[in-house]
$ cat structure.txt   # compact mmCIF, C-alpha atoms (C1' of nucleotides)
# COMPACT_ATOMS: atom_id res chain seq x y z
CA MET J 1 -22.39 -28.68 -21.26
CA ASP J 2 -20.14 -25.80 -20.42
CA ASN J 3 -21.17 -22.24 -20.64
CA PRO J 4 -20.24 -21.10 -24.15
CA THR J 5 -18.25 -18.17 -22.74
CA SER J 6 -17.15 -19.41 -19.32
CA PRO J 7 -14.36 -17.20 -18.05
CA PRO J 8 -10.86 -18.63 -18.24
CA PRO J 9 -9.73 -20.12 -14.92
CA ARG J 10 -7.60 -17.89 -12.74
CA LEU J 11 -4.62 -20.18 -12.89
CA ILE J 12 -2.20 -17.97 -10.98
CA TYR J 13 -4.59 -17.66 -8.08
CA LEU J 14 -5.42 -21.35 -8.13
CA LEU J 15 -1.79 -22.40 -8.26
CA THR J 16 -0.88 -20.14 -5.35
CA THR J 17 -3.76 -21.07 -3.08
CA ALA J 18 -3.61 -24.78 -3.81
CA GLN J 19 0.08 -24.82 -2.93
CA ARG J 20 -0.48 -22.85 0.25
CA ARG J 21 -3.35 -24.97 1.48
CA LEU J 22 -1.51 -28.19 0.77
CA GLU J 23 1.56 -26.91 2.59
CA ALA J 24 -0.53 -25.92 5.61
CA TRP J 25 -2.28 -29.27 5.61
CA ILE J 26 0.99 -31.19 5.55
CA GLU J 27 2.30 -29.10 8.39
CA ARG J 28 -0.76 -29.86 10.52
CA GLU J 29 -0.82 -33.52 9.52
CA THR J 30 2.82 -34.12 10.36
CA GLN J 31 2.77 -31.90 13.41
CA GLY J 32 5.36 -29.47 12.20
CA MET J 33 7.08 -30.87 9.13
CA SER J 34 7.14 -28.68 6.06
CA THR J 35 7.61 -29.68 2.45
CA ALA J 36 11.02 -28.07 2.71
CA ARG J 37 12.10 -30.27 5.60
CA ILE J 38 10.57 -33.38 4.11
CA GLY J 39 12.26 -32.57 0.83
CA LEU J 40 15.62 -32.31 2.52
CA LEU J 41 15.17 -35.59 4.35
CA LEU J 42 14.20 -37.38 1.16
CA ALA J 43 16.95 -35.81 -0.91
CA LEU J 44 19.64 -37.07 1.43
CA PRO J 45 20.89 -40.62 0.97
CA ALA J 46 20.35 -42.92 3.94
CA GLU J 47 24.12 -43.41 4.09
CA GLY J 48 26.70 -40.79 3.20
CA GLY J 49 26.04 -37.18 2.44
CA LEU J 50 25.46 -34.55 -0.17
CA ASN J 51 26.98 -31.11 -0.40
CA MET J 52 24.98 -27.91 -0.34
CA SER J 53 25.16 -27.29 -4.08
CA GLY J 54 23.92 -30.76 -4.85
CA LEU J 55 21.08 -30.37 -2.41
CA ALA J 56 20.13 -26.97 -3.76
CA ARG J 57 19.93 -28.46 -7.22
CA ALA J 58 17.93 -31.46 -6.04
CA LEU J 59 15.44 -29.34 -4.12
CA ASP J 60 15.31 -26.48 -6.59
CA LEU J 61 16.33 -24.00 -3.94
CA GLY J 62 18.72 -21.08 -3.89
CA ALA J 63 21.87 -21.33 -1.80
CA PRO J 64 20.75 -18.96 0.97
CA SER J 65 17.46 -20.80 1.39
CA LEU J 66 19.26 -24.09 1.77
CA THR J 67 21.70 -22.69 4.32
CA GLY J 68 18.81 -21.63 6.50
CA LEU J 69 16.95 -24.89 6.06
CA VAL J 70 19.98 -26.97 6.98
CA ASP J 71 20.67 -24.71 9.96
CA ARG J 72 17.19 -25.27 11.31
CA MET J 73 17.24 -29.00 10.66
CA ALA J 74 20.63 -29.26 12.35
CA LYS J 75 19.29 -27.38 15.37
CA PHE J 76 16.64 -30.07 15.67
CA GLY J 77 19.22 -32.80 15.39
CA LEU J 78 18.00 -34.22 12.10
CA VAL J 79 21.11 -33.54 10.00
CA ARG J 80 24.75 -32.69 10.55
CA ARG J 81 27.33 -30.85 8.48
CA ILE J 82 30.68 -32.52 8.03
CA PRO J 83 33.62 -31.11 6.07
CA ASP J 84 33.98 -32.44 2.55
CA PRO J 85 37.25 -34.35 2.46
CA GLU J 86 37.59 -33.65 -1.24
CA ASP J 87 36.90 -29.91 -1.24
CA GLY J 88 37.67 -27.48 1.53
CA ARG J 89 35.00 -25.03 0.46
CA SER J 90 32.28 -27.58 0.62
CA SER J 91 30.54 -29.38 3.43
CA LEU J 92 28.50 -32.54 3.30
CA VAL J 93 25.09 -32.77 4.90
CA VAL J 94 24.38 -36.15 6.47
CA LEU J 95 21.40 -37.57 8.30
CA THR J 96 21.60 -38.21 12.02
CA ASP J 97 20.08 -41.41 13.41
CA GLN J 98 17.01 -39.42 14.32
CA GLY J 99 16.92 -37.92 10.84
CA ARG J 100 17.13 -41.38 9.30
CA ASP J 101 14.15 -42.52 11.35
CA LEU J 102 12.12 -39.51 10.38
CA ARG J 103 13.13 -39.99 6.77
CA GLN J 104 11.41 -43.36 6.73
CA GLN J 105 8.20 -41.89 8.07
CA ALA J 106 8.40 -38.98 5.65
CA LEU J 107 8.91 -41.35 2.75
CA ALA J 108 5.83 -43.36 3.58
CA HIS J 109 3.81 -40.26 4.25
CA THR J 110 4.84 -38.63 0.99
CA LYS J 111 4.03 -41.69 -1.04
CA LYS J 112 0.61 -41.90 0.49
CA LEU J 113 -0.07 -38.23 -0.04
CA ASN J 114 1.10 -38.26 -3.64
CA GLY J 115 -1.39 -41.05 -4.19
CA GLN J 116 -4.18 -39.15 -2.46
CA LEU J 117 -3.48 -36.14 -4.62
CA ALA J 118 -4.35 -38.17 -7.69
CA LYS J 119 -7.62 -39.50 -6.28
CA GLY J 120 -10.62 -38.59 -8.37
CA PHE J 121 -8.51 -38.20 -11.50
CA SER J 122 -7.54 -40.71 -14.15
CA ASP J 123 -3.92 -41.45 -14.96
CA GLU J 124 -4.32 -39.48 -18.17
CA GLU J 125 -5.69 -36.50 -16.31
CA ILE J 126 -2.90 -36.59 -13.74
CA ALA J 127 -0.40 -36.78 -16.59
CA ILE J 128 -1.90 -33.60 -18.02
CA VAL J 129 -1.67 -31.88 -14.65
CA ALA J 130 1.93 -32.98 -14.24
CA ARG J 131 2.80 -31.82 -17.73
CA TRP J 132 1.24 -28.44 -17.07
CA LEU J 133 3.12 -28.00 -13.79
CA GLU J 134 6.38 -28.99 -15.47
CA THR J 135 5.70 -26.58 -18.29
CA VAL J 136 5.04 -23.70 -15.92
CA ARG J 137 8.11 -24.50 -13.89
CA ASP J 138 10.34 -24.71 -16.92
CA ARG J 139 8.83 -21.91 -18.97
CA TYR J 140 9.27 -19.37 -16.20
CA SER J 141 12.70 -20.46 -15.09
CA GLN J 142 15.21 -17.65 -14.89
CA MET P 1 3.19 -45.31 -25.46
CA ASP P 2 3.93 -44.80 -21.87
CA ASN P 3 6.21 -46.98 -19.89
CA PRO P 4 3.97 -49.67 -18.40
CA THR P 5 5.24 -48.87 -14.89
CA SER P 6 6.20 -45.21 -15.16
CA PRO P 7 6.53 -43.79 -11.67
CA PRO P 8 3.69 -41.56 -10.48
CA PRO P 9 4.49 -37.87 -10.87
CA ARG P 10 5.77 -36.14 -7.76
CA LEU P 11 2.84 -33.81 -7.54
CA ILE P 12 3.79 -32.14 -4.26
CA TYR P 13 7.20 -31.25 -5.57
CA LEU P 14 5.85 -30.09 -8.90
CA LEU P 15 3.17 -27.95 -7.33
CA THR P 16 5.66 -26.30 -5.00
CA THR P 17 8.33 -25.58 -7.56
CA ALA P 18 5.95 -24.44 -10.27
CA GLN P 19 4.39 -21.98 -7.87
CA ARG P 20 7.76 -20.69 -6.71
CA ARG P 21 9.16 -20.27 -10.18
CA LEU P 22 6.07 -18.49 -11.44
CA GLU P 23 6.13 -16.17 -8.43
CA ALA P 24 9.77 -15.33 -9.00
CA TRP P 25 9.15 -14.74 -12.69
CA ILE P 26 6.28 -12.35 -12.00
CA GLU P 27 8.41 -10.46 -9.53
CA ARG P 28 11.19 -10.02 -12.08
CA GLU P 29 8.80 -9.22 -14.90
CA THR P 30 6.95 -6.54 -12.97
CA GLN P 31 10.06 -5.22 -11.26
CA GLY P 32 9.00 -5.95 -7.76
CA MET P 33 5.30 -6.81 -7.72
CA SER P 34 4.32 -10.05 -6.06
CA THR P 35 1.19 -12.11 -6.58
CA ALA P 36 0.19 -10.96 -3.10
CA ARG P 37 0.39 -7.28 -4.04
CA ILE P 38 -1.24 -7.80 -7.40
CA GLY P 39 -3.96 -9.80 -5.72
CA LEU P 40 -4.66 -6.99 -3.30
CA LEU P 41 -4.82 -4.38 -6.06
CA LEU P 42 -7.23 -6.49 -8.08
CA ALA P 43 -9.40 -7.40 -5.12
CA LEU P 44 -10.02 -3.77 -4.27
CA PRO P 45 -12.78 -1.95 -6.13
CA ALA P 46 -11.64 1.05 -8.19
CA GLU P 47 -13.96 3.21 -6.08
CA GLY P 48 -14.72 2.64 -2.43
CA GLY P 49 -13.07 0.16 -0.13
CA LEU P 50 -13.16 -3.23 1.46
CA ASN P 51 -12.51 -4.17 5.04
CA MET P 52 -9.76 -6.52 6.12
CA SER P 53 -12.00 -9.53 6.67
CA GLY P 54 -13.51 -9.18 3.22
CA LEU P 55 -10.08 -8.88 1.69
CA ALA P 56 -8.75 -11.85 3.60
CA ARG P 57 -11.64 -13.92 2.32
CA ALA P 58 -11.20 -12.70 -1.25
CA LEU P 59 -7.48 -13.39 -1.25
CA ASP P 60 -7.63 -16.57 0.78
CA LEU P 61 -5.25 -15.14 3.34
CA GLY P 62 -5.15 -15.21 7.10
CA ALA P 63 -5.72 -11.99 9.00
CA PRO P 64 -2.10 -11.50 10.11
CA SER P 65 -0.84 -11.98 6.55
CA LEU P 66 -3.21 -9.37 5.26
CA THR P 67 -2.25 -6.88 7.96
CA GLY P 68 1.37 -7.12 6.87
CA LEU P 69 0.54 -6.92 3.19
CA VAL P 70 -1.62 -3.84 3.62
CA ASP P 71 1.05 -2.25 5.81
CA ARG P 72 3.66 -2.68 3.10
CA MET P 73 1.37 -1.51 0.34
CA ALA P 74 0.40 1.52 2.39
CA LYS P 75 4.06 2.34 2.97
CA PHE P 76 4.46 2.44 -0.80
CA GLY P 77 1.46 4.70 -1.16
CA LEU P 78 -0.71 2.25 -3.09
CA VAL P 79 -3.52 1.87 -0.55
CA ARG P 80 -4.82 3.69 2.49
CA ARG P 81 -6.75 2.59 5.55
CA ILE P 82 -9.80 4.62 6.50
CA PRO P 83 -12.09 3.96 9.46
CA ASP P 84 -15.24 2.05 8.65
CA PRO P 85 -18.14 4.42 9.36
CA GLU P 86 -20.41 1.47 10.09
CA ASP P 87 -18.17 -0.48 12.44
CA GLY P 88 -15.61 0.91 14.81
CA ARG P 89 -13.58 -2.27 14.91
CA SER P 90 -13.14 -2.36 11.19
CA SER P 91 -11.17 -0.31 8.71
CA LEU P 92 -11.67 -0.01 5.00
CA VAL P 93 -8.77 -0.37 2.59
CA VAL P 94 -8.99 1.95 -0.40
CA LEU P 95 -6.78 2.49 -3.41
CA THR P 96 -4.77 5.68 -3.72
CA ASP P 97 -4.54 7.39 -7.11
CA GLN P 98 -1.21 5.71 -7.61
CA GLY P 99 -2.70 2.38 -6.59
CA ARG P 100 -5.51 2.83 -9.09
CA ASP P 101 -3.02 3.43 -11.87
CA LEU P 102 -1.01 0.38 -10.94
CA ARG P 103 -4.19 -1.64 -10.67
CA GLN P 104 -4.88 -1.03 -14.36
CA GLN P 105 -1.44 -2.24 -15.33
CA ALA P 106 -1.71 -5.23 -13.04
CA LEU P 107 -5.07 -6.14 -14.51
CA ALA P 108 -3.72 -6.15 -18.05
CA HIS P 109 -0.62 -8.00 -17.02
CA THR P 110 -2.54 -10.66 -15.16
CA LYS P 111 -4.91 -11.26 -18.03
CA LYS P 112 -2.02 -11.69 -20.41
CA LEU P 113 -0.19 -14.02 -18.08
CA ASN P 114 -3.24 -16.15 -17.37
CA GLY P 115 -3.54 -16.57 -21.14
CA GLN P 116 0.13 -17.45 -21.48
CA LEU P 117 -0.22 -20.07 -18.78
CA ALA P 118 -2.72 -21.92 -20.92
CA LYS P 119 -0.58 -21.88 -24.04
CA GLY P 120 0.23 -25.33 -25.34
CA PHE P 121 -2.85 -26.82 -23.69
CA SER P 122 -6.38 -27.25 -24.99
CA ASP P 123 -9.35 -25.75 -23.19
CA GLU P 124 -10.26 -29.23 -21.98
CA GLU P 125 -6.79 -29.79 -20.61
CA ILE P 126 -6.76 -26.45 -18.83
CA ALA P 127 -10.15 -27.29 -17.35
CA ILE P 128 -8.66 -30.49 -15.96
CA VAL P 129 -5.74 -28.59 -14.47
CA ALA P 130 -8.08 -26.03 -12.94
CA ARG P 131 -10.29 -28.74 -11.52
CA TRP P 132 -7.30 -30.48 -9.98
CA LEU P 133 -6.03 -27.28 -8.39
CA GLU P 134 -9.47 -26.52 -7.01
CA THR P 135 -9.76 -30.02 -5.66
CA VAL P 136 -6.42 -29.82 -3.89
CA ARG P 137 -7.24 -26.43 -2.46
CA ASP P 138 -10.63 -27.53 -1.19
CA ARG P 139 -9.72 -31.04 -0.08
CA TYR P 140 -6.91 -29.82 2.15
CA SER P 141 -8.71 -26.83 3.57
CA GLN P 142 -8.86 -26.59 7.33
C1' DA O 8 -26.94 -1.06 32.64
C1' DA O 9 -23.51 -4.44 33.61
C1' DT O 10 -21.58 -8.72 32.17
C1' DA O 11 -20.41 -12.18 28.95
C1' DG O 12 -19.41 -13.52 24.54
C1' DT O 13 -18.23 -12.65 19.69
C1' DT O 14 -15.87 -10.36 15.93
C1' DA O 15 -12.19 -7.37 13.63
C1' DT O 16 -7.77 -6.38 13.65
C1' DT O 17 -2.97 -6.11 15.20
C1' DT O 18 1.34 -7.73 17.39
C1' DC O 19 4.79 -11.13 18.10
C1' DG O 20 7.56 -14.91 17.04
C1' DT O 21 8.77 -18.30 13.59
C1' DG O 22 9.44 -20.63 9.01
C1' DT O 23 10.55 -20.29 4.28
C1' DG O 24 12.33 -18.03 0.25
C1' DC O 25 15.14 -14.60 -2.33
C1' DG O 26 18.96 -11.15 -4.03
C1' DA O 27 23.14 -8.76 -2.95
C1' DA O 28 27.29 -8.77 -0.82
C1' DG O 29 30.91 -11.08 1.87
C1' DT O 30 34.48 -14.89 2.78
C1' DA O 31 37.34 -18.69 1.88
C1' DA O 32 39.06 -22.42 -0.89
C1' DA O 33 40.05 -24.13 -5.45
C1' DT O 34 41.35 -23.35 -10.18
C1' DT O 35 43.22 -21.01 -14.15
C1' DC O 36 46.67 -18.78 -16.55
C1' DA O 37 50.38 -15.78 -17.35
C1' DT M 6 54.58 -19.45 -8.60
C1' DG M 7 51.74 -15.61 -8.04
C1' DA M 8 47.65 -13.03 -9.41
C1' DA M 9 43.05 -13.22 -11.20
C1' DT M 10 38.98 -15.72 -11.53
C1' DT M 11 35.61 -19.01 -10.27
C1' DT M 12 33.09 -21.78 -7.06
C1' DA M 13 30.88 -23.00 -2.48
C1' DC M 14 28.85 -21.30 1.04
C1' DT M 15 27.20 -17.85 4.57
C1' DT M 16 25.33 -13.47 6.23
C1' DC M 17 22.13 -9.78 5.99
C1' DG M 18 17.97 -7.60 5.05
C1' DC M 19 13.59 -8.13 3.16
C1' DA M 20 8.84 -10.24 1.64
C1' DC M 21 5.27 -13.20 2.71
C1' DA M 22 2.69 -16.67 5.30
C1' DC M 23 0.99 -18.59 9.69
C1' DG M 24 -0.65 -19.59 14.81
C1' DA M 25 -1.20 -17.76 19.32
C1' DA M 26 -2.18 -14.10 22.02
C1' DA M 27 -3.57 -9.25 22.76
C1' DT M 28 -6.78 -5.33 22.12
C1' DA M 29 -10.81 -2.89 20.99
C1' DA M 30 -15.51 -2.57 19.58
C1' DC M 31 -19.77 -4.63 18.84
C1' DT M 32 -23.84 -7.82 20.29
C1' DA M 33 -26.50 -10.45 23.32
C1' DT M 34 -28.21 -11.67 27.85
C1' DT M 35 -29.64 -11.10 32.26

$ encode --input "structure.txt" --output "structure tokens"
Amino acid sequence: MDNPTSPPPRLIYLLTTAQRRLEAWIERETQGMSTARIGLLLALPAEGGLNMSGLARALDLGAPSLTGLVDRMAKFGLVRRIPDPEDGRSSLVVLTDQGRDLRQQALAHTKKLNGQLAKGFSDEEIAIVARWLETVRDRYSQ
Amino acid sequence: MDNPTSPPPRLIYLLTTAQRRLEAWIERETQGMSTARIGLLLALPAEGGLNMSGLARALDLGAPSLTGLVDRMAKFGLVRRIPDPEDGRSSLVVLTDQGRDLRQQALAHTKKLNGQLAKGFSDEEIAIVARWLETVRDRYSQ
DNA sequence: AATAGTTATTTCGTGTGCGAAGTAAATTCA
DNA sequence: TGAATTTACTTCGCACACGAAATAACTATT
């Protein structure tokens, strides 16, 4: 039985700290990969490229954030920028060979972790969690 | 009915983006307050102070993060550092008058928002969400 | 009392994110 | 076609978080 007047959960605090701890854990576990970097690797197709706007949309990032992220990933030799043949303003981000290798690892790792994150909860419960996260994301957009 | 093989929700992505969007929304809504600043205001007692270690524990922050946060808040005249009379290594963070005023607003605002965040979900569903967030936070600690 | 070890905090460098403002290419429209 | 607008992206300055290393003060130990 629950306390008849248990205080409402501090959802803002929980959301913030859970995200931070998970991020830190991933960074330790992967020896230096962040969700941002993993996200970029996974968003890129194994062959061909995507332009910055498309990536920003896919990753839910602002343009300046993506510029910095791609800069850092390029410095580490994981992606390259090539000019978009169809639009002179735009550049396409493509994986390097090394990036493609890492992408495979990241994909496996992410799948495993997404499974782990559901452990201890039923499918119905995870669906509720997912729906809540989506609602927060969408309700407080813009 | 759900699709018999609906893909598992991308919990990492959802957690990250929900947190980011909520943070951005709060910052717009409050005209420049972050969850970090609000957290600090609420963690401090209206009278008296708390030392950095206690604050770090209360806010689930590392020591360097807290140093920066307190520096910025002090620059804006919301808190002050005073030497801890009981321990020469330690300093106590106390609210200024202006900080105390803002604390009241932040308290009301946070209560309202925490309520809003539960809207559209039953108490049981929110309890599941809270339990999941706590589990993630604690499972991936350290 | 001197030394060694622990604890509290800061500094430094880095990653990640944003808004505002800048630049350059494409598009619209007069 | 030429000017105005829009779009794609970058640059700059800032906030916030961390780990590693530095500093200062406290505690224990001999």

$ residues_around --input "structure.txt" --residues "DA25 (chain M)" --least-positions-apart "3" --cutoff "12 Å" --atoms "only C-alpha atoms (C1' of nucleotides)" --output "PyMOL selection string"
(chain P and resi 64) or (chain O and resi 18-21)

$ closest_atom_pairs --input "structure.txt" --of "chain M" --to "chain P" --cutoff "10 Å" --atoms "only C-alpha atoms (C1' of nucleotides)" --output "Markdown table"
| residue | atom | partner | partner_atom | distance |
| --- | --- | --- | --- | --- |
| M:DA20 | C1' | P:Ser34 | CA | 8.9 |
| M:DC21 | C1' | P:Ser65 | CA | 7.3 |
| M:DA22 | C1' | P:Ser65 | CA | 6.0 |
| M:DC23 | C1' | P:Gly62 | CA | 7.5 |
| M:DG24 | C1' | P:Pro64 | CA | 9.5 |
| M:DA29 | C1' | P:Arg89 | CA | 6.7 |
| M:DA30 | C1' | P:Arg89 | CA | 5.1 |
| M:DC31 | C1' | P:Arg89 | CA | 7.7 |

$ closest_atom_pairs --input "structure.txt" --of "chain O" --to "chain J" --cutoff "8 Å" --atoms "only C-alpha atoms (C1' of nucleotides)" --output "CSV"
residue,atom,partner,partner_atom,distance
O:DT23,C1',J:Ser65,CA,7.5
O:DG24,C1',J:Ser65,CA,5.9
O:DC25,C1',J:Gly62,CA,7.6
O:DA31,C1',J:Arg89,CA,6.9
O:DA32,C1',J:Arg89,CA,5.0
O:DA33,C1',J:Asp87,CA,7.8

$ closest_residue --input "structure.txt" --among "J:Gln105, J:Thr16, J:Thr67, J:Gln31" --to "chain P" --atoms "all atoms listed in the file"
J:Thr16

$ interface_residues --input "structure.txt" --of "chain P" --to "chain J" --cutoff "9 Å" --atoms "only C-alpha atoms" --output "NGL selection string"
:P and (8-26 or 35 or 39 or 59-61 or 110-111 or 113-115 or 117-118 or 120-121 or 123 or 125-130 or 132-142)

$ residues_around --input "structure.txt" --residues "DG7 (chain M)" --least-positions-apart "4" --cutoff "12 Å" --atoms "only C-alpha atoms (C1' of nucleotides)" --output "PyMOL selection string"
chain O and resi 35-37

$ write_last_selection --input "structure.txt" --atoms "C-alpha atoms (C1' of nucleotides)" --output "PDB file, in the frame of the given file"
ATOM      1  C1'  DT O  35      43.220 -21.010 -14.150  1.00  0.00           C
ATOM      2  C1'  DC O  36      46.670 -18.780 -16.550  1.00  0.00           C
ATOM      3  C1'  DA O  37      50.380 -15.780 -17.350  1.00  0.00           C
TER       4       DA O  37
END

$ residues_around --input "structure.txt" --residues "Gly49 (chain P)" --least-positions-apart "3" --cutoff "9 Å" --atoms "only C-alpha atoms (C1' of nucleotides)" --output "VMD selection string"
chain P and resid 44 to 46 81 to 82 92 to 95

$ atom_distance --input "structure.txt" --atom1 "CA of Ala106 (chain P)" --atom2 "CA of Asn51 (chain P)"
21.1 Å

$ atom_distance --input "structure.txt" --atom1 "C1' of DC14 (chain M)" --atom2 "CA of Val79 (chain J)"
17.0 Å

$ axis_aligned_box --input "structure.txt" --around "region 89-104 of chain J" --padding-each-side "4 Å" --output "lines of an AutoDock Vina configuration file"
center_x = 23.2
center_y = -34.2
center_z = 7.4
size_x = 31.6
size_y = 26.3
size_z = 21.9

$ closest_residue --input "structure.txt" --among "P:Arg103, P:Lys112, P:Arg80, P:Arg37" --to "Leu50 (chain P)" --atoms "only C-alpha atoms"
P:Arg80

$ closest_residue --input "structure.txt" --among "J:Gly48, J:His109, J:Glu29, J:Gln98" --to "Phe76 (chain J)" --atoms "only C-alpha atoms"
J:Gln98

$ residues_near_point --input "structure.txt" --point "(30.8, -12.3, 0.5)" --cutoff "10 Å" --atoms "all atoms listed in the file" --output "PyMOL selection string"
(chain O and resi 27-31) or (chain M and resi 14-16)

$ write_last_selection --input "structure.txt" --atoms "C-alpha atoms (C1' of nucleotides)" --output "mmCIF file, in the coordinates of the input"
data_model
loop_
_atom_site.group_PDB
_atom_site.id
_atom_site.type_symbol
_atom_site.label_atom_id
_atom_site.label_comp_id
_atom_site.auth_asym_id
_atom_site.auth_seq_id
_atom_site.Cartn_x
_atom_site.Cartn_y
_atom_site.Cartn_z
ATOM 1 C "C1'" DA O 27 23.140 -8.760 -2.950
ATOM 2 C "C1'" DA O 28 27.290 -8.770 -0.820
ATOM 3 C "C1'" DG O 29 30.910 -11.080 1.870
ATOM 4 C "C1'" DT O 30 34.480 -14.890 2.780
ATOM 5 C "C1'" DA O 31 37.340 -18.690 1.880
ATOM 6 C "C1'" DC M 14 28.850 -21.300 1.040
ATOM 7 C "C1'" DT M 15 27.200 -17.850 4.570
ATOM 8 C "C1'" DT M 16 25.330 -13.470 6.230
#

$ atom_distance --input "structure.txt" --atom1 "C1' of DA8 (chain O)" --atom2 "C1' of DT34 (chain M)"
11.7 Å

$ closest_residue --input "structure.txt" --among "J:Glu27, J:Leu78, J:Pro83, J:Pro7" --to "Leu40 (chain J)" --atoms "all atoms listed in the file"
J:Leu78

$ build_atoms --input "structure.txt" --residues "region 47-60 of chain J" --atoms "N, CA, C and O atoms" --output "PDB file, in the frame of the given file"
ATOM      1  N   GLU J  47      22.719 -43.374   3.671  1.00  0.00           N
ATOM      2  CA  GLU J  47      24.120 -43.410   4.090  1.00  0.00           C
ATOM      3  C   GLU J  47      24.902 -42.384   3.279  1.00  0.00           C
ATOM      4  O   GLU J  47      24.617 -42.187   2.108  1.00  0.00           O
ATOM      5  N   GLY J  48      25.891 -41.772   3.911  1.00  0.00           N
ATOM      6  CA  GLY J  48      26.700 -40.790   3.200  1.00  0.00           C
ATOM      7  C   GLY J  48      26.008 -39.452   3.165  1.00  0.00           C
ATOM      8  O   GLY J  48      24.964 -39.259   3.785  1.00  0.00           O
ATOM      9  N   GLY J  49      26.581 -38.532   2.427  1.00  0.00           N
ATOM     10  CA  GLY J  49      26.040 -37.180   2.440  1.00  0.00           C
ATOM     11  C   GLY J  49      26.011 -36.538   1.071  1.00  0.00           C
ATOM     12  O   GLY J  49      26.398 -37.142   0.072  1.00  0.00           O
ATOM     13  N   LEU J  50      25.529 -35.344   1.051  1.00  0.00           N
ATOM     14  CA  LEU J  50      25.460 -34.550  -0.170  1.00  0.00           C
ATOM     15  C   LEU J  50      25.913 -33.138   0.192  1.00  0.00           C
ATOM     16  O   LEU J  50      25.626 -32.666   1.288  1.00  0.00           O
ATOM     17  N   ASN J  51      26.581 -32.476  -0.724  1.00  0.00           N
ATOM     18  CA  ASN J  51      26.980 -31.110  -0.400  1.00  0.00           C
ATOM     19  C   ASN J  51      25.840 -30.129  -0.686  1.00  0.00           C
ATOM     20  O   ASN J  51      24.817 -30.496  -1.263  1.00  0.00           O
ATOM     21  N   MET J  52      26.041 -28.908  -0.264  1.00  0.00           N
ATOM     22  CA  MET J  52      24.980 -27.910  -0.340  1.00  0.00           C
ATOM     23  C   MET J  52      24.559 -27.652  -1.794  1.00  0.00           C
ATOM     24  O   MET J  52      23.366 -27.553  -2.097  1.00  0.00           O
ATOM     25  N   SER J  53      25.518 -27.569  -2.677  1.00  0.00           N
ATOM     26  CA  SER J  53      25.160 -27.290  -4.080  1.00  0.00           C
ATOM     27  C   SER J  53      24.295 -28.403  -4.645  1.00  0.00           C
ATOM     28  O   SER J  53      23.305 -28.141  -5.335  1.00  0.00           O
ATOM     29  N   GLY J  54      24.692 -29.627  -4.345  1.00  0.00           N
ATOM     30  CA  GLY J  54      23.920 -30.760  -4.850  1.00  0.00           C
ATOM     31  C   GLY J  54      22.503 -30.745  -4.306  1.00  0.00           C
ATOM     32  O   GLY J  54      21.531 -30.979  -5.025  1.00  0.00           O
ATOM     33  N   LEU J  55      22.392 -30.431  -3.037  1.00  0.00           N
ATOM     34  CA  LEU J  55      21.080 -30.370  -2.410  1.00  0.00           C
ATOM     35  C   LEU J  55      20.233 -29.251  -3.001  1.00  0.00           C
ATOM     36  O   LEU J  55      19.047 -29.430  -3.267  1.00  0.00           O
ATOM     37  N   ALA J  56      20.858 -28.110  -3.195  1.00  0.00           N
ATOM     38  CA  ALA J  56      20.130 -26.970  -3.760  1.00  0.00           C
ATOM     39  C   ALA J  56      19.568 -27.344  -5.121  1.00  0.00           C
ATOM     40  O   ALA J  56      18.407 -27.056  -5.439  1.00  0.00           O
ATOM     41  N   ARG J  57      20.374 -28.030  -5.893  1.00  0.00           N
ATOM     42  CA  ARG J  57      19.930 -28.460  -7.220  1.00  0.00           C
ATOM     43  C   ARG J  57      18.771 -29.461  -7.082  1.00  0.00           C
ATOM     44  O   ARG J  57      17.743 -29.339  -7.746  1.00  0.00           O
ATOM     45  N   ALA J  58      18.943 -30.424  -6.187  1.00  0.00           N
ATOM     46  CA  ALA J  58      17.930 -31.460  -6.040  1.00  0.00           C
ATOM     47  C   ALA J  58      16.599 -30.896  -5.553  1.00  0.00           C
ATOM     48  O   ALA J  58      15.531 -31.364  -5.945  1.00  0.00           O
ATOM     49  N   LEU J  59      16.661 -29.877  -4.722  1.00  0.00           N
ATOM     50  CA  LEU J  59      15.440 -29.340  -4.120  1.00  0.00           C
ATOM     51  C   LEU J  59      14.927 -28.110  -4.865  1.00  0.00           C
ATOM     52  O   LEU J  59      13.883 -27.558  -4.495  1.00  0.00           O
ATOM     53  N   ASP J  60      15.690 -27.677  -5.853  1.00  0.00           N
ATOM     54  CA  ASP J  60      15.310 -26.480  -6.590  1.00  0.00           C
ATOM     55  C   ASP J  60      15.223 -25.272  -5.664  1.00  0.00           C
ATOM     56  O   ASP J  60      14.243 -24.529  -5.662  1.00  0.00           O
TER      57      ASP J  60
END
